[in-house]
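Novice: Pasting in a structure now, in structure tokens, and then I'll have a few things to ask.
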Amino acid sequence: MREPFDPSFEFDLDTVAWVVVTMTLLCATVVFVFDRPAWNLPAAFLAGGVAAARGGFYDAAANNGFVGVLVGLGPMAAMFYVYRFGGIPSLDANPDLLFLTSVGVGADMIAYAPMMVIFGYLGGVAVDRIRRRTRPPVGYRRRERGQTVRRSGESSR
């Protein structure tokens with residue numbers, strides 16, 4: 001009997017939480033310490049790599065990186081707001097400055113968010129590919145060039 005096609009978008013919440021925390025810490029570091037907001041793109045790539053490193057061998061590492069970076073965009077927007085405003089705004093702040101800061105943060109998010117999500121996905125893909133090339137799962141033998149691996153049910157005839 002044919003198995004029905006069941007498309008699904010799988011991700012692991014624990015790994016996504018690791019990615020969100022990693023991305024938030026890396027983005028805070030590059031924005032507030034190094035004063036380089038564009039470095040958030042490599043930070044998203046590294047956060048996607050954390051998704052692959054923290055996940056299991058058969059987990060969807062790229063999806064975990066994608067979802068983790070997507071969820072981490074909320075704290076990143078708040079960090080951009082504090083960065084663009086020059087500190088945490090108070091009640092007696094100039095309303096025009098608050099508005100222009102909000103417009104600037106919106107422009108930052110429109111520019112950075114799609115690229116960061118893609119970089120998170122690609123970071124998961126890259127680290128997962130490296131991991132699969134260097135370390136096969138337990139119980140699998142490494143193939144040498146030209147050698148085939150027999151399954152246990154096959155005969156050697």
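Following the order of the structure tokens, first chain is A, next is B, and so on, with residues numbered from 1 inside each chain and ligands from 1 in the order they appear.
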Just want the 7 Å neighbourhood of stretch 92-107 of chain A, counted on only C-alpha atoms, with same-chain residues fewer than 5 positions away dropped. Output as a ChimeraX atom specification.
Specialist: /A:77,80-81,84-85
Novice: How about saving the chosen residues, N, CA and C atoms kept, as a short mmCIF file (atom, residue, chain, number, x, y, z; two decimals), in the first residue's frame?
Specialist:
```
data_model
loop_
_atom_site.label_atom_id
_atom_site.label_comp_id
_atom_site.auth_asym_id
_atom_site.auth_seq_id
_atom_site.Cartn_x
_atom_site.Cartn_y
_atom_site.Cartn_z
N ALA A 77 14.92 43.44 17.44
CA ALA A 77 14.27 44.72 17.15
C ALA A 77 14.33 45.64 18.36
N PHE A 80 17.82 46.98 18.54
CA PHE A 80 18.01 48.03 17.54
C PHE A 80 17.37 49.33 17.99
N TYR A 81 16.22 49.25 18.65
CA TYR A 81 15.55 50.46 19.11
C TYR A 81 16.41 51.18 20.14
N ARG A 84 19.53 52.62 18.26
CA ARG A 84 19.26 53.80 17.43
C ARG A 84 18.88 55.01 18.26
N PHE A 85 18.17 54.78 19.37
CA PHE A 85 17.75 55.90 20.21
C PHE A 85 18.90 56.44 21.04
#
```
Novice: At most 6 Å is the cut-off: for each residue in stretch 56-87 of chain A with any atom that close to an atom of stretch 124-133 of chain A, write down the nearest atom pair and the distance in Å rounded to one decimal, counting only C-alpha atoms, chain first then increasing number, as a tab-separated table.
Specialist:
```
residue	atom	partner	partner_atom	distance
A:Ala61	CA	A:Gly124	CA	5.2
A:Ala62	CA	A:Gly124	CA	4.3
A:Gly65	CA	A:Gly124	CA	5.6
```
Novice: Restricting the calculation to only C-alpha atoms: of A:Ala60, A:Leu70, A:Leu25, A:Ala51, which residue gets closest to A:Met116?
Specialist: A:Leu70
Novice: Give me, please, the distance in Å between atom CA of A:Asn64 and atom CA of A:Tyr83, quoted to one decimal.
Specialist: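 For atom CA of A:Asn64 relative to atom CA of A:Tyr83, the distance reads 27.7 Å.
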Novice: Among stretch 40-151 of chain A, which residues does DSSP mark as alpha helix (DSSP H) when it is run on the backbone? Keep the chain and numbering as in the structure and answer as a PyMOL selection string.
Specialist: chain A and resi 40-54+61-85+95-134
Novice: Mind checking which residues fall within 7 Å of A:Gly48, counting only C-alpha atoms, ignoring those fewer than 2 positions away in the same chain, and posting them as a PDB file with C-alpha atoms, in the first residue's frame?
Specialist:
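The file below, selection-v5.pdb, is the result:
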```pdb
ATOM      1  CA  VAL A  19      19.267  29.404  18.720  1.00  0.00           C
ATOM      2  CA  ALA A  44      22.525  34.669  12.342  1.00  0.00           C
ATOM      3  CA  PHE A  45      24.688  32.247  10.344  1.00  0.00           C
ATOM      4  CA  LEU A  46      26.464  31.178  13.550  1.00  0.00           C
ATOM      5  CA  VAL A  50      24.298  26.208  16.749  1.00  0.00           C
ATOM      6  CA  ALA A  51      20.997  24.667  15.645  1.00  0.00           C
ATOM      7  CA  ALA A  52      22.861  21.958  13.767  1.00  0.00           C
ATOM      8  CA  ALA A  62      18.040  24.061   8.920  1.00  0.00           C
ATOM      9  CA  GLY A  65      17.961  27.610  12.538  1.00  0.00           C
ATOM     10  CA  GLY A 120      20.119  31.122   9.895  1.00  0.00           C
ATOM     11  CA  TYR A 121      18.785  28.467   7.541  1.00  0.00           C
ATOM     12  CA  LEU A 122      22.052  28.337   5.583  1.00  0.00           C
ATOM     13  CA  GLY A 123      24.098  28.147   8.794  1.00  0.00           C
ATOM     14  CA  GLY A 124      22.113  25.087   9.820  1.00  0.00           C
TER      15      GLY A 124
END
```
Novice: Do you have the atom CA of A:Ile118-atom CA of A:Val21 distance handy?
Specialist: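 Result for atom CA of A:Ile118 versus atom CA of A:Val21: 17.9 Å, one decimal.
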Novice: What's around A:Asp12 at 8 Å? Count only C-alpha atoms, leave out sequence neighbours fewer than 4 positions away in its own chain, and write the answer as an mmCIF file with N, CA and C atoms, in the first residue's frame.
Specialist:
```
data_model
loop_
_atom_site.group_PDB
_atom_site.id
_atom_site.type_symbol
_atom_site.label_atom_id
_atom_site.label_comp_id
_atom_site.auth_asym_id
_atom_site.auth_seq_id
_atom_site.Cartn_x
_atom_site.Cartn_y
_atom_site.Cartn_z
ATOM 1 N N VAL A 16 15.493 25.310 19.141
ATOM 2 C CA VAL A 16 15.083 26.667 18.760
ATOM 3 C C VAL A 16 15.373 27.638 19.903
ATOM 4 N N GLY A 55 21.320 19.988 17.702
ATOM 5 C CA GLY A 55 20.303 19.017 17.323
ATOM 6 C C GLY A 55 20.879 17.630 17.139
ATOM 7 N N ASP A 59 17.709 15.329 13.081
ATOM 8 C CA ASP A 59 16.841 16.492 13.248
ATOM 9 C C ASP A 59 16.918 17.397 12.031
ATOM 10 N N ASN A 64 15.374 24.310 12.316
ATOM 11 C CA ASN A 64 15.615 24.835 13.659
ATOM 12 C C ASN A 64 16.314 26.189 13.597
#
```
Novice: Using only C-alpha atoms, can you tell me which of A:Phe66, A:Val31, A:Val71, A:Trp18 comes closest to A:Ala53?
Specialist: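 The shortest atom-to-atom distance to A:Ala53 comes from A:Trp18.
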Novice: Quick one: distance from atom CA of A:Val69 to atom CA of A:Ser90 in Å, one decimal?
Specialist: 29.2 Å
Novice: Excluding A:Thr24 and its own-chain neighbours fewer than 5 positions away, which residues fall within 9 Å of it when counting only C-alpha atoms? Please give them as a list in words.
Specialist: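 Near neighbours after the sequence-gap exclusion: Val19, Thr29, Gly72, Leu73, Pro75, Met76 and Met79 of chain A.
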Novice: Given the choices A:Cys27, A:Val33, A:Leu13, A:Leu41, which gets closest to A:Pro114 if the distance is worked out from only C-alpha atoms?
Specialist: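 Using only C-alpha atoms, A:Pro114 sits closest to A:Leu41.
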Novice: In terms of the shortest atom-to-atom distance over only C-alpha atoms, which of A:Met23, A:Gly56, A:Ala47, A:Asp35 is closest to A:Gly74?
Specialist: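 Closest to A:Gly74 of all the choices is A:Met23.
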Novice: Nearest to A:Gly68 among A:Glu3, A:Ile110, A:Thr22, A:Ala38, with distances taken over only C-alpha atoms: which residue is it?
Specialist: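 For A:Gly68, the nearest of the candidates is A:Thr22.
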Novice: A:Gly49, A:Pro42, A:Gly87, A:Pro4: which is nearest A:Leu26, counting only C-alpha atoms?
Specialist: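 Ranking A:Gly49, A:Pro42, A:Gly87, A:Pro4 by distance to A:Leu26, first place goes to A:Pro42.
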